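Everything below belongs to work08.pdb, which stores PDB, C-alpha atoms.
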```pdb
ATOM      1  CA  MET A  12     -28.922 -80.596   1.653
ATOM      2  CA  MET A  13     -28.895 -81.396  -2.056
ATOM      3  CA  ALA A  14     -26.363 -78.906  -3.406
ATOM      4  CA  GLN A  15     -25.986 -78.980  -7.164
ATOM      5  CA  THR A  16     -22.861 -80.141  -8.997
ATOM      6  CA  GLN A  17     -22.808 -77.628 -11.834
ATOM      7  CA  ILE A  18     -23.670 -73.958 -11.949
ATOM      8  CA  GLN A  19     -26.393 -73.287 -14.472
ATOM      9  CA  THR A  20     -29.000 -70.726 -15.349
ATOM     10  CA  GLU A  21     -32.652 -71.096 -16.209
ATOM     11  CA  SER A  22     -31.746 -70.631 -19.884
ATOM     12  CA  THR A  23     -29.076 -73.364 -19.959
ATOM     13  CA  PRO A  24     -30.421 -76.794 -20.942
ATOM     14  CA  VAL A  25     -29.668 -79.528 -18.450
ATOM     15  CA  LEU A  26     -29.405 -81.918 -21.379
ATOM     16  CA  GLU A  27     -28.847 -81.374 -25.097
ATOM     17  CA  VAL A  28     -28.674 -84.333 -27.456
ATOM     18  CA  ARG A  29     -27.855 -83.502 -31.061
ATOM     19  CA  GLY A  30     -27.994 -85.908 -33.987
ATOM     20  CA  LEU A  31     -27.304 -88.962 -31.850
ATOM     21  CA  THR A  32     -26.740 -92.143 -33.863
ATOM     22  CA  GLN A  33     -25.591 -95.483 -32.489
ATOM     23  CA  ARG A  34     -24.490 -98.513 -34.501
ATOM     24  CA  PHE A  35     -23.626-101.946 -33.165
ATOM     25  CA  GLY A  36     -21.871-103.625 -36.061
ATOM     26  CA  GLY A  37     -24.336-103.494 -38.949
ATOM     27  CA  LEU A  38     -27.297-102.678 -36.697
ATOM     28  CA  LYS A  39     -28.368 -99.057 -36.337
ATOM     29  CA  ALA A  40     -29.932 -98.975 -32.863
ATOM     30  CA  LEU A  41     -30.533 -95.228 -32.899
ATOM     31  CA  ASN A  42     -30.736 -92.720 -35.739
ATOM     32  CA  ASP A  43     -30.445 -88.920 -35.544
ATOM     33  CA  PHE A  44     -31.981 -88.625 -32.079
ATOM     34  CA  ASN A  45     -32.431 -85.124 -30.656
ATOM     35  CA  VAL A  46     -33.763 -83.831 -27.353
ATOM     36  CA  THR A  47     -33.410 -80.761 -25.139
ATOM     37  CA  LEU A  48     -34.373 -80.770 -21.467
ATOM     38  CA  MET A  49     -34.564 -77.517 -19.547
ATOM     39  CA  PRO A  50     -34.180 -77.179 -15.751
ATOM     40  CA  GLY A  51     -37.169 -78.528 -13.843
ATOM     41  CA  GLU A  52     -38.695 -80.587 -16.651
ATOM     42  CA  LEU A  53     -40.274 -83.988 -16.051
ATOM     43  CA  SER A  54     -40.259 -85.693 -19.438
ATOM     44  CA  GLY A  55     -40.714 -89.187 -20.794
ATOM     45  CA  LEU A  56     -39.242 -91.502 -23.412
ATOM     46  CA  ILE A  57     -41.387 -94.381 -24.615
ATOM     47  CA  GLY A  58     -41.463 -96.971 -27.370
ATOM     48  CA  PRO A  59     -41.998-100.696 -27.948
ATOM     49  CA  ASN A  60     -39.477-103.256 -26.713
ATOM     50  CA  GLY A  61     -36.228-102.937 -28.639
ATOM     51  CA  ALA A  62     -36.997 -99.392 -29.786
ATOM     52  CA  GLY A  63     -33.681 -98.016 -28.484
ATOM     53  CA  LYS A  64     -34.786 -96.343 -25.253
ATOM     54  CA  THR A  65     -32.184 -97.857 -22.933
ATOM     55  CA  THR A  66     -29.534 -97.250 -25.600
ATOM     56  CA  VAL A  67     -30.340 -93.537 -25.288
ATOM     57  CA  PHE A  68     -29.914 -93.658 -21.502
ATOM     58  CA  ASN A  69     -26.676 -95.652 -21.825
ATOM     59  CA  LEU A  70     -25.321 -92.989 -24.176
ATOM     60  CA  VAL A  71     -26.357 -90.076 -21.970
ATOM     61  CA  SER A  72     -24.878 -91.683 -18.845
ATOM     62  CA  GLY A  73     -21.588 -92.558 -20.559
ATOM     63  CA  PHE A  74     -21.895 -96.344 -20.747
ATOM     64  CA  TYR A  75     -21.752 -96.094 -24.555
ATOM     65  CA  GLN A  76     -19.961 -93.603 -26.773
ATOM     66  CA  PRO A  77     -22.089 -92.461 -29.740
ATOM     67  CA  THR A  78     -21.217 -93.391 -33.296
ATOM     68  CA  GLU A  79     -22.347 -89.917 -34.352
ATOM     69  CA  GLY A  80     -23.722 -86.813 -32.662
ATOM     70  CA  GLU A  81     -23.009 -85.121 -29.363
ATOM     71  CA  ILE A  82     -24.350 -84.895 -25.820
ATOM     72  CA  LEU A  83     -24.058 -81.863 -23.556
ATOM     73  CA  ILE A  84     -24.762 -81.839 -19.813
ATOM     74  CA  CYS A  85     -25.319 -78.277 -18.575
ATOM     75  CA  GLY A  86     -23.412 -77.060 -21.623
ATOM     76  CA  VAL A  87     -20.460 -79.457 -21.201
ATOM     77  CA  LYS A  88     -19.777 -81.970 -23.986
ATOM     78  CA  THR A  89     -19.460 -85.528 -22.678
ATOM     79  CA  ALA A  90     -17.566 -87.054 -25.617
ATOM     80  CA  GLY A  91     -15.000 -89.569 -24.334
ATOM     81  CA  LEU A  92     -16.052 -89.287 -20.686
ATOM     82  CA  LYS A  93     -16.389 -92.412 -18.552
ATOM     83  CA  PRO A  94     -19.644 -92.927 -16.587
ATOM     84  CA  HIS A  95     -18.185 -91.648 -13.290
ATOM     85  CA  LYS A  96     -17.126 -88.438 -15.029
ATOM     86  CA  VAL A  97     -20.620 -88.006 -16.445
ATOM     87  CA  THR A  98     -21.998 -88.558 -12.944
ATOM     88  CA  ALA A  99     -19.699 -85.800 -11.689
ATOM     89  CA  LEU A 100     -21.285 -83.453 -14.249
ATOM     90  CA  GLY A 101     -24.652 -84.005 -12.579
ATOM     91  CA  VAL A 102     -26.238 -87.148 -14.073
ATOM     92  CA  ALA A 103     -27.639 -90.047 -12.028
ATOM     93  CA  ARG A 104     -29.743 -92.994 -13.123
ATOM     94  CA  THR A 105     -31.669 -96.020 -11.982
ATOM     95  CA  PHE A 106     -32.056 -99.255 -13.917
ATOM     96  CA  GLN A 107     -34.925-101.440 -15.089
ATOM     97  CA  ASN A 108     -33.430-104.293 -13.068
ATOM     98  CA  ILE A 109     -32.693-102.956  -9.598
ATOM     99  CA  ARG A 110     -28.938-102.692  -9.026
ATOM    100  CA  LEU A 111     -28.290-102.339  -5.324
ATOM    101  CA  TRP A 112     -25.238-103.569  -3.433
ATOM    102  CA  ASN A 113     -26.855-106.389  -1.479
ATOM    103  CA  ASP A 114     -23.717-107.148   0.552
ATOM    104  CA  MET A 115     -23.825-103.608   1.978
ATOM    105  CA  THR A 116     -26.335-102.089   4.356
ATOM    106  CA  VAL A 117     -28.966 -99.633   3.181
ATOM    107  CA  LEU A 118     -26.917 -96.846   4.786
ATOM    108  CA  ASP A 119     -23.722 -97.918   3.043
ATOM    109  CA  ASN A 120     -25.539 -98.074  -0.306
ATOM    110  CA  ILE A 121     -26.222 -94.367   0.091
ATOM    111  CA  LYS A 122     -22.752 -93.503   1.378
ATOM    112  CA  VAL A 123     -20.747 -95.379  -1.252
ATOM    113  CA  ALA A 124     -22.614 -93.670  -4.080
ATOM    114  CA  GLN A 125     -20.990 -90.387  -3.019
ATOM    115  CA  HIS A 126     -17.434 -91.557  -3.761
ATOM    116  CA  SER A 127     -17.080 -89.053  -6.610
ATOM    117  CA  GLN A 128     -17.684 -86.183  -4.190
ATOM    118  CA  LEU A 129     -15.482 -87.200  -1.262
ATOM    119  CA  GLY A 130     -13.178 -84.183  -1.447
ATOM    120  CA  TYR A 131     -10.077 -85.997  -0.135
ATOM    121  CA  GLY A 132      -7.316 -88.011  -1.768
ATOM    122  CA  PHE A 133      -5.628 -91.354  -1.221
ATOM    123  CA  PHE A 134      -3.225 -90.041   1.453
ATOM    124  CA  HIS A 135      -6.041 -88.711   3.647
ATOM    125  CA  SER A 136      -7.862 -92.033   3.327
ATOM    126  CA  VAL A 137      -4.867 -94.142   4.335
ATOM    127  CA  ALA A 138      -3.779 -91.800   7.136
ATOM    128  CA  ARG A 139      -7.346 -91.291   8.336
ATOM    129  CA  SER A 140      -6.557 -87.591   8.595
ATOM    130  CA  LYS A 141      -8.781 -84.913  10.096
ATOM    131  CA  THR A 142      -9.947 -84.074   6.581
ATOM    132  CA  TYR A 143     -10.925 -87.704   6.049
ATOM    133  CA  MET A 144     -12.731 -88.025   9.384
ATOM    134  CA  LYS A 145     -14.603 -84.744   8.922
ATOM    135  CA  ARG A 146     -15.759 -85.597   5.401
ATOM    136  CA  GLU A 147     -16.805 -89.122   6.382
ATOM    137  CA  ALA A 148     -18.907 -87.726   9.230
ATOM    138  CA  GLU A 149     -20.558 -85.281   6.818
ATOM    139  CA  ILE A 150     -21.325 -88.057   4.337
ATOM    140  CA  GLU A 151     -22.876 -90.257   7.025
ATOM    141  CA  GLN A 152     -24.996 -87.402   8.335
ATOM    142  CA  GLU A 153     -26.239 -86.554   4.849
ATOM    143  CA  ALA A 154     -26.970 -90.226   4.158
ATOM    144  CA  PHE A 155     -29.104 -90.452   7.304
ATOM    145  CA  GLU A 156     -30.913 -87.247   6.334
ATOM    146  CA  LEU A 157     -31.697 -88.676   2.912
ATOM    147  CA  LEU A 158     -32.930 -91.955   4.382
ATOM    148  CA  GLU A 159     -35.139 -89.997   6.748
ATOM    149  CA  VAL A 160     -36.832 -87.939   4.031
ATOM    150  CA  PHE A 161     -37.449 -91.161   2.078
ATOM    151  CA  ASP A 162     -38.853 -92.925   5.164
ATOM    152  CA  LEU A 163     -36.008 -95.436   5.004
ATOM    153  CA  LYS A 164     -34.161 -94.588   8.216
ATOM    154  CA  ASP A 165     -35.565 -97.605  10.076
ATOM    155  CA  PHE A 166     -33.909 -99.840   7.453
ATOM    156  CA  ALA A 167     -30.470 -98.175   7.706
ATOM    157  CA  TYR A 168     -28.654-101.288   8.948
ATOM    158  CA  ASP A 169     -30.677-103.850   6.967
ATOM    159  CA  PHE A 170     -29.500-105.394   3.714
ATOM    160  CA  PRO A 171     -31.423-104.329   0.570
ATOM    161  CA  SER A 172     -32.293-107.920  -0.379
ATOM    162  CA  ASN A 173     -34.386-108.169   2.813
ATOM    163  CA  LEU A 174     -36.573-105.206   1.831
ATOM    164  CA  PRO A 175     -39.883-105.388  -0.071
ATOM    165  CA  TYR A 176     -39.504-104.829  -3.803
ATOM    166  CA  GLY A 177     -41.188-101.425  -3.756
ATOM    167  CA  THR A 178     -38.897-100.295  -0.913
ATOM    168  CA  GLN A 179     -35.850-101.414  -2.905
ATOM    169  CA  ARG A 180     -37.053 -99.210  -5.759
ATOM    170  CA  LYS A 181     -37.324 -96.288  -3.371
ATOM    171  CA  LEU A 182     -33.805 -96.966  -2.076
ATOM    172  CA  GLU A 183     -32.382 -97.054  -5.592
ATOM    173  CA  ILE A 184     -33.891 -93.645  -6.348
ATOM    174  CA  ALA A 185     -32.629 -92.272  -3.007
ATOM    175  CA  ARG A 186     -29.143 -93.540  -3.822
ATOM    176  CA  ALA A 187     -29.261 -91.822  -7.220
ATOM    177  CA  LEU A 188     -30.239 -88.550  -5.548
ATOM    178  CA  SER A 189     -27.356 -88.856  -3.081
ATOM    179  CA  VAL A 190     -24.897 -87.737  -5.783
ATOM    180  CA  HIS A 191     -26.754 -84.408  -6.090
ATOM    181  CA  PRO A 192     -27.764 -84.771  -9.744
ATOM    182  CA  GLN A 193     -29.215 -82.106 -11.941
ATOM    183  CA  LEU A 194     -30.532 -84.795 -14.304
ATOM    184  CA  LEU A 195     -32.147 -87.960 -12.935
ATOM    185  CA  LEU A 196     -32.673 -90.783 -15.451
ATOM    186  CA  LEU A 197     -35.320 -93.291 -14.359
ATOM    187  CA  ASP A 198     -35.269 -96.471 -16.461
ATOM    188  CA  GLU A 199     -38.651 -98.168 -16.005
ATOM    189  CA  PRO A 200     -39.055 -97.371 -12.294
ATOM    190  CA  ALA A 201     -42.464 -99.104 -12.186
ATOM    191  CA  ALA A 202     -41.123-102.401 -13.569
ATOM    192  CA  GLY A 203     -42.256-105.281 -11.358
ATOM    193  CA  LEU A 204     -44.535-103.149  -9.199
ATOM    194  CA  ASN A 205     -48.174-103.978  -8.507
ATOM    195  CA  SER A 206     -50.864-101.353  -9.041
ATOM    196  CA  ASN A 207     -50.729-100.063  -5.445
ATOM    197  CA  ASP A 208     -46.937 -99.760  -5.509
ATOM    198  CA  ALA A 209     -47.164 -98.034  -8.902
ATOM    199  CA  LYS A 210     -49.524 -95.430  -7.410
ATOM    200  CA  ASP A 211     -47.062 -94.913  -4.554
ATOM    201  CA  LEU A 212     -44.294 -94.504  -7.130
ATOM    202  CA  ILE A 213     -46.255 -91.786  -8.945
ATOM    203  CA  ARG A 214     -46.591 -89.884  -5.679
ATOM    204  CA  LEU A 215     -42.887 -90.427  -4.910
ATOM    205  CA  ILE A 216     -41.658 -89.155  -8.279
ATOM    206  CA  ARG A 217     -43.947 -86.146  -8.123
ATOM    207  CA  TRP A 218     -42.668 -85.411  -4.596
ATOM    208  CA  ILE A 219     -39.041 -85.741  -5.733
ATOM    209  CA  HIS A 220     -39.681 -83.397  -8.635
ATOM    210  CA  ASP A 221     -41.342 -80.836  -6.375
ATOM    211  CA  THR A 222     -38.863 -81.148  -3.499
ATOM    212  CA  PHE A 223     -35.443 -81.581  -5.110
ATOM    213  CA  ASP A 224     -33.965 -79.234  -7.678
ATOM    214  CA  VAL A 225     -33.683 -81.925 -10.346
ATOM    215  CA  THR A 226     -34.773 -82.493 -13.926
ATOM    216  CA  ILE A 227     -36.296 -85.949 -14.466
ATOM    217  CA  TRP A 228     -36.307 -87.993 -17.675
ATOM    218  CA  MET A 229     -37.965 -91.380 -17.473
ATOM    219  CA  ILE A 230     -38.545 -94.502 -19.543
ATOM    220  CA  GLU A 231     -41.695 -96.363 -18.604
ATOM    221  CA  HIS A 232     -43.889 -99.120 -20.087
ATOM    222  CA  HIS A 233     -46.709 -98.423 -17.631
ATOM    223  CA  MET A 234     -48.553 -95.821 -19.676
ATOM    224  CA  ASP A 235     -50.724 -94.739 -16.753
ATOM    225  CA  VAL A 236     -47.558 -93.814 -14.834
ATOM    226  CA  MET A 237     -46.082 -91.967 -17.811
ATOM    227  CA  MET A 238     -49.269 -90.112 -18.712
ATOM    228  CA  GLU A 239     -49.781 -89.095 -15.093
ATOM    229  CA  LEU A 240     -46.311 -87.641 -14.628
ATOM    230  CA  ALA A 241     -44.687 -86.441 -17.849
ATOM    231  CA  THR A 242     -45.504 -83.078 -19.385
ATOM    232  CA  GLN A 243     -43.620 -83.906 -22.601
ATOM    233  CA  ILE A 244     -43.072 -87.336 -24.147
ATOM    234  CA  LYS A 245     -40.821 -88.460 -26.984
ATOM    235  CA  VAL A 246     -41.590 -91.739 -28.776
ATOM    236  CA  ILE A 247     -39.083 -93.868 -30.672
ATOM    237  CA  ASP A 248     -39.479 -97.065 -32.664
ATOM    238  CA  PHE A 249     -36.628 -99.035 -34.273
ATOM    239  CA  GLY A 250     -34.303 -96.211 -33.289
ATOM    240  CA  GLU A 251     -36.326 -93.528 -35.084
ATOM    241  CA  THR A 252     -38.267 -90.706 -33.426
ATOM    242  CA  ILE A 253     -41.912 -91.073 -34.465
ATOM    243  CA  ALA A 254     -43.663 -88.588 -32.167
ATOM    244  CA  ASP A 255     -43.001 -85.801 -29.672
ATOM    245  CA  GLY A 256     -45.672 -83.977 -27.688
ATOM    246  CA  ASN A 257     -47.723 -83.718 -24.522
ATOM    247  CA  PRO A 258     -49.504 -86.803 -23.126
ATOM    248  CA  GLU A 259     -52.786 -86.099 -24.931
ATOM    249  CA  GLN A 260     -51.037 -85.654 -28.269
ATOM    250  CA  ILE A 261     -49.056 -88.855 -27.778
ATOM    251  CA  ARG A 262     -52.101 -90.846 -26.671
ATOM    252  CA  ASN A 263     -53.910 -90.036 -29.932
ATOM    253  CA  HIS A 264     -50.952 -90.025 -32.329
ATOM    254  CA  PRO A 265     -51.529 -92.501 -35.215
ATOM    255  CA  ALA A 266     -47.852 -93.492 -35.472
ATOM    256  CA  VAL A 267     -47.725 -94.253 -31.750
ATOM    257  CA  ILE A 268     -50.882 -96.359 -31.911
ATOM    258  CA  THR A 269     -49.432 -98.255 -34.863
ATOM    259  CA  ALA A 270     -46.116 -98.863 -33.089
ATOM    260  CA  TYR A 271     -47.801-100.265 -29.982
ATOM    261  CA  LEU A 272     -50.898-101.963 -31.364
ATOM    262  CA  GLY A 273     -50.362-102.556 -35.088
ATOM    263  CA  ASP A 274     -52.028-101.156 -38.210
ATOM    264  CA  ASP A 275     -55.274-103.037 -37.628
ATOM    265  CA  ASN A 276     -55.993-100.861 -34.579
ATOM    266  CA  ILE A 277     -55.878 -97.521 -36.392
TER     267      ILE A 277
END
```

Let me see the file written as structure tokens.
Amino acid sequence: MMAQTQIQTESTPVLEVRGLTQRFGGLKALNDFNVTLMPGELSGLIGPNGAGKTTVFNLVSGFYQPTEGEILICGVKTAGLKPHKVTALGVARTFQNIRLWNDMTVLDNIKVAQHSQLGYGFFHSVARSKTYMKREAEIEQEAFELLEVFDLKDFAYDFPSNLPYGTQRKLEIARALSVHPQLLLLDEPAAGLNSNDAKDLIRLIRWIHDTFDVTIWMIEHHMDVMMELATQIKVIDFGETIADGNPEQIRNHPAVITAYLGDDNI
């Protein structure tokens, strides 16, 4: 069901970030940031508030254009591309603050996310041609299939605002997967969740990683969630990379402890 957007090999990085620097006026929000993600990785990006984490995601997804450096998605440079063009390359993301279309049904939230992959032009849409009708039927069927695998089918005709918070999170991730990404960016998916919902989220993300052919890169303040899921974690503080390693290395890294707890805790 989840066909991939780009053709790639096991040796082609899904994401390459080289020397990424971002300035906002006189403020340097990010300095010489580098990362490479290979197919199938589940990696993390952490740091204190204001460290530059969301800036990285905004750059990768095309919301910002870097001051310096370059970004490649499956070997394709994204310089100058708008967010919808980056999505078409195989990138999808969720946000710290859930961004669902609350005036649309759950089903329509899934369907409308696939606009970049419709496969028909303006004429077919206006004329409601056979091409249009066939593609719309395919999109609806795929949307129902996705809702079913996420246990959301019973909510298909409800509005997202009527769903429990944890279910809205699940819907947002399902919507991101509906565009068939090769790289899924999760920006604090556990934000606002209680401990039980956070445990469910861990199981969900692990299931997504095992079930869908997708590389996952996540930002998360809940360290138990991050340490449970990520095999590799990069840490930034004030826009600078201060550590990079597996969860055990990051947990015991002096610079990370200092960034989160202060010098008195070393």

Taking the file above as input, evaluate the PyMOL selection byres ((chain A and resi 196) around 12) and report the hits as a short mmCIF file (atom, residue, chain, number, x, y, z; two decimals) with C-alpha atoms, in the coordinates of the input.
```
data_model
loop_
_atom_site.label_atom_id
_atom_site.label_comp_id
_atom_site.auth_asym_id
_atom_site.auth_seq_id
_atom_site.Cartn_x
_atom_site.Cartn_y
_atom_site.Cartn_z
CA LEU A 26 -29.40 -81.92 -21.38
CA LEU A 48 -34.37 -80.77 -21.47
CA GLU A 52 -38.70 -80.59 -16.65
CA LEU A 53 -40.27 -83.99 -16.05
CA SER A 54 -40.26 -85.69 -19.44
CA GLY A 55 -40.71 -89.19 -20.79
CA LEU A 56 -39.24 -91.50 -23.41
CA LYS A 64 -34.79 -96.34 -25.25
CA THR A 65 -32.18 -97.86 -22.93
CA VAL A 67 -30.34 -93.54 -25.29
CA PHE A 68 -29.91 -93.66 -21.50
CA ASN A 69 -26.68 -95.65 -21.82
CA LEU A 70 -25.32 -92.99 -24.18
CA VAL A 71 -26.36 -90.08 -21.97
CA SER A 72 -24.88 -91.68 -18.84
CA THR A 98 -22.00 -88.56 -12.94
CA GLY A 101 -24.65 -84.00 -12.58
CA VAL A 102 -26.24 -87.15 -14.07
CA ALA A 103 -27.64 -90.05 -12.03
CA ARG A 104 -29.74 -92.99 -13.12
CA THR A 105 -31.67 -96.02 -11.98
CA PHE A 106 -32.06 -99.26 -13.92
CA GLN A 107 -34.92 -101.44 -15.09
CA GLU A 183 -32.38 -97.05 -5.59
CA ILE A 184 -33.89 -93.64 -6.35
CA ALA A 187 -29.26 -91.82 -7.22
CA LEU A 188 -30.24 -88.55 -5.55
CA PRO A 192 -27.76 -84.77 -9.74
CA GLN A 193 -29.22 -82.11 -11.94
CA LEU A 194 -30.53 -84.80 -14.30
CA LEU A 195 -32.15 -87.96 -12.94
CA LEU A 197 -35.32 -93.29 -14.36
CA ASP A 198 -35.27 -96.47 -16.46
CA GLU A 199 -38.65 -98.17 -16.00
CA PRO A 200 -39.06 -97.37 -12.29
CA ILE A 216 -41.66 -89.16 -8.28
CA VAL A 225 -33.68 -81.92 -10.35
CA THR A 226 -34.77 -82.49 -13.93
CA ILE A 227 -36.30 -85.95 -14.47
CA TRP A 228 -36.31 -87.99 -17.68
CA MET A 229 -37.97 -91.38 -17.47
CA ILE A 230 -38.54 -94.50 -19.54
CA GLU A 231 -41.70 -96.36 -18.60
#
```

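If you look at atom CA of Val190 of chain A and atom CA of Lys245 of chain A, they are 26.5 Å away from each other.
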
Quiz item: Hey, what's within 10 Å of segment 173-176 of chain A if we count all atoms listed in the file and toss same-chain stuff fewer than 3 positions away? As a ChimeraX atom specification, please?
Solution: /A:109,113,117,166,169-170,179-182,203-205,208

Self-check item: Selection dump of the PyMOL selection byres ((chain A and resi 217) around 12), as number ranges by chain
Solution: A: 51-54, 210-216, 218-223, 225-227, 236-237, 239-242

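The spacing separating atom CA of Asp235 of chain A from atom CA of Val46 of chain A amounts to 22.8 Å.
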
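Put simply, atom CA of Pro50 of chain A is 17.3 Å away from atom CA of Lys88 of chain A.
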
Kindly add N, CA and C atoms to the incomplete segment 245-259 of chain A and provide the output as a PDB file, in the coordinates of the input.
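Printed below is out27.pdb as written:
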```pdb
ATOM      1  N   LYS A 245     -41.399 -88.141 -25.686  1.00  0.00           N
ATOM      2  CA  LYS A 245     -40.821 -88.460 -26.984  1.00  0.00           C
ATOM      3  C   LYS A 245     -40.987 -89.957 -27.211  1.00  0.00           C
ATOM      4  N   VAL A 246     -41.345 -90.339 -28.442  1.00  0.00           N
ATOM      5  CA  VAL A 246     -41.590 -91.739 -28.776  1.00  0.00           C
ATOM      6  C   VAL A 246     -40.617 -92.179 -29.866  1.00  0.00           C
ATOM      7  N   ILE A 247     -39.960 -93.319 -29.645  1.00  0.00           N
ATOM      8  CA  ILE A 247     -39.083 -93.868 -30.672  1.00  0.00           C
ATOM      9  C   ILE A 247     -39.499 -95.296 -30.992  1.00  0.00           C
ATOM     10  N   ASP A 248     -39.191 -95.702 -32.204  1.00  0.00           N
ATOM     11  CA  ASP A 248     -39.479 -97.065 -32.664  1.00  0.00           C
ATOM     12  C   ASP A 248     -38.396 -97.453 -33.657  1.00  0.00           C
ATOM     13  N   PHE A 249     -37.754 -98.593 -33.442  1.00  0.00           N
ATOM     14  CA  PHE A 249     -36.628 -99.035 -34.273  1.00  0.00           C
ATOM     15  C   PHE A 249     -35.580 -97.939 -34.415  1.00  0.00           C
ATOM     16  N   GLY A 250     -35.345 -97.214 -33.307  1.00  0.00           N
ATOM     17  CA  GLY A 250     -34.303 -96.211 -33.289  1.00  0.00           C
ATOM     18  C   GLY A 250     -34.665 -94.876 -33.906  1.00  0.00           C
ATOM     19  N   GLU A 251     -35.879 -94.762 -34.433  1.00  0.00           N
ATOM     20  CA  GLU A 251     -36.326 -93.528 -35.084  1.00  0.00           C
ATOM     21  C   GLU A 251     -37.350 -92.812 -34.212  1.00  0.00           C
ATOM     22  N   THR A 252     -37.266 -91.495 -34.140  1.00  0.00           N
ATOM     23  CA  THR A 252     -38.267 -90.706 -33.426  1.00  0.00           C
ATOM     24  C   THR A 252     -39.536 -90.629 -34.278  1.00  0.00           C
ATOM     25  N   ILE A 253     -40.659 -91.066 -33.709  1.00  0.00           N
ATOM     26  CA  ILE A 253     -41.912 -91.073 -34.465  1.00  0.00           C
ATOM     27  C   ILE A 253     -42.933 -90.077 -33.925  1.00  0.00           C
ATOM     28  N   ALA A 254     -42.716 -89.560 -32.727  1.00  0.00           N
ATOM     29  CA  ALA A 254     -43.663 -88.588 -32.167  1.00  0.00           C
ATOM     30  C   ALA A 254     -43.013 -87.850 -31.007  1.00  0.00           C
ATOM     31  N   ASP A 255     -43.494 -86.629 -30.766  1.00  0.00           N
ATOM     32  CA  ASP A 255     -43.001 -85.801 -29.672  1.00  0.00           C
ATOM     33  C   ASP A 255     -44.110 -84.824 -29.308  1.00  0.00           C
ATOM     34  N   GLY A 256     -44.586 -84.873 -28.059  1.00  0.00           N
ATOM     35  CA  GLY A 256     -45.672 -83.977 -27.688  1.00  0.00           C
ATOM     36  C   GLY A 256     -46.103 -84.183 -26.255  1.00  0.00           C
ATOM     37  N   ASN A 257     -47.193 -83.543 -25.872  1.00  0.00           N
ATOM     38  CA  ASN A 257     -47.723 -83.718 -24.522  1.00  0.00           C
ATOM     39  C   ASN A 257     -48.489 -85.039 -24.447  1.00  0.00           C
ATOM     40  N   PRO A 258     -48.855 -85.487 -23.256  1.00  0.00           N
ATOM     41  CA  PRO A 258     -49.504 -86.803 -23.126  1.00  0.00           C
ATOM     42  C   PRO A 258     -50.738 -86.982 -24.006  1.00  0.00           C
ATOM     43  N   GLU A 259     -51.574 -85.967 -24.121  1.00  0.00           N
ATOM     44  CA  GLU A 259     -52.786 -86.099 -24.931  1.00  0.00           C
ATOM     45  C   GLU A 259     -52.444 -86.267 -26.400  1.00  0.00           C
TER      46      GLU A 259
END
```
